[in-house]
Amino acid sequence: MGTILYKYFKTKLLDVVPRRHRLLLYMDVDILVGGPIARVLAAVRPFANGEGKAHVVGIAERNHWHGGFAILRRDAHDPATTSAPCLEAWGREILKDHGNSDQVALRRAVESGSCVYAPLQGGLFGWPTGTSIRAREYSVLNHFSASDGVFRNSRRRLETMFGSRRRRGRGTLGIAQPARPRDT
């Protein structure tokens, strides 16, 4: 089963995160924020307010649901709209080991009718290319994946996007880095 058990952990997020958190945003580490996350939050406000029948808001990526980004909901007033049934169905499918792909498992959970998965709207998700990185043109959510074959040299591309490792946090996060003390 290998890495599929790590992917299975995603389906247990509502069990792990304290119940006082009504909404959860999950992102894999290969999805980087390149713009105001407030745009994503505004796009999912109807879901957050309990509107619609969706269990999960996520990304529709290349003809399947992307398992690396999800907004999950707990709803004490209407248990039918909580994300739990979707996560349970997805977890069952993952454990069936469909080629070690959580995306295939998620697609099968959706196709079974156990999971209502709504796509994130508004062009907020993208796959940066070398050209878009050099031009510093990013989506709000940017998927850097070695499996795409586009990012064979991810370190160089990330340094193009964010600067050297030493400076990476400063500009990206807007945090001033304290000056290093000089040897005297």
# chains A, B, ... in the order shown; residues from 1 in each chain; ligands from 1
call {"tool": "closest_atom_pairs", "arguments": {"of": "range 61-134 of chain A", "to": "range 23-32 of chain A", "cutoff": "6 Å", "atoms": "only C-alpha atoms", "output": "Markdown table"}}
result
| residue | atom | partner | partner_atom | distance |
| --- | --- | --- | --- | --- |
| A:Gly68 | CA | A:Asp28 | CA | 4.8 |
| A:Phe69 | CA | A:Met27 | CA | 4.5 |
| A:Ala70 | CA | A:Tyr26 | CA | 5.2 |
| A:Ile71 | CA | A:Leu25 | CA | 4.5 |
| A:Leu72 | CA | A:Leu24 | CA | 5.0 |
| A:Arg73 | CA | A:Leu23 | CA | 4.7 |
call {"tool": "select_by_dssp", "arguments": {"residues": "range 28-111 of chain A", "states": "strand (DSSP E)", "output": "NGL selection string"}}
result
:A and (31-33 or 56-61 or 64-73)
call {"tool": "residues_around", "arguments": {"residues": "His55 in chain A", "least_positions_apart": "6", "cutoff": "9 Å", "atoms": "only C-alpha atoms", "output": "PyMOL selection string"}}
result
chain A and resi 47+72-73+80-87+115-118
call {"tool": "residues_around", "arguments": {"residues": "Arg20 in chain A", "least_positions_apart": "6", "cutoff": "12 Å", "atoms": "only C-alpha atoms", "output": "list in words"}}
result
Leu14, Arg73, Arg74, Asp75 and Ala76 of chain A
call {"tool": "write_last_selection", "arguments": {"atoms": "C-alpha atoms", "output": "short mmCIF file (atom, residue, chain, number, x, y, z; two decimals), in the first residue's frame"}}
result
data_model
loop_
_atom_site.label_atom_id
_atom_site.label_comp_id
_atom_site.auth_asym_id
_atom_site.auth_seq_id
_atom_site.Cartn_x
_atom_site.Cartn_y
_atom_site.Cartn_z
CA LEU A 14 -12.50 15.89 10.47
CA ARG A 73 -17.34 21.59 6.26
CA ARG A 74 -18.87 20.47 9.51
CA ASP A 75 -22.52 21.37 9.80
CA ALA A 76 -24.31 20.58 13.04
#
call {"tool": "atom_distance", "arguments": {"atom1": "CA of Arg22 in chain A", "atom2": "CA of Glu88 in chain A"}}
result
17.6 Å
call {"tool": "atom_distance", "arguments": {"atom1": "CA of Leu13 in chain A", "atom2": "CA of Gln103 in chain A"}}
result
16.9 Å
call {"tool": "residues_around", "arguments": {"residues": "Gln121 in chain A", "least_positions_apart": "5", "cutoff": "9 Å", "atoms": "only C-alpha atoms", "output": "number ranges by chain"}}
result
A: 40, 43-44, 59
call {"tool": "closest_residue", "arguments": {"among": "A:Phe125, A:Tyr138, A:Phe144, A:Trp90", "to": "Thr11 in chain A", "atoms": "only C-alpha atoms"}}
result
A:Trp90
call {"tool": "atom_distance", "arguments": {"atom1": "CA of Val17 in chain A", "atom2": "CA of Val104 in chain A"}}
result
25.2 Å
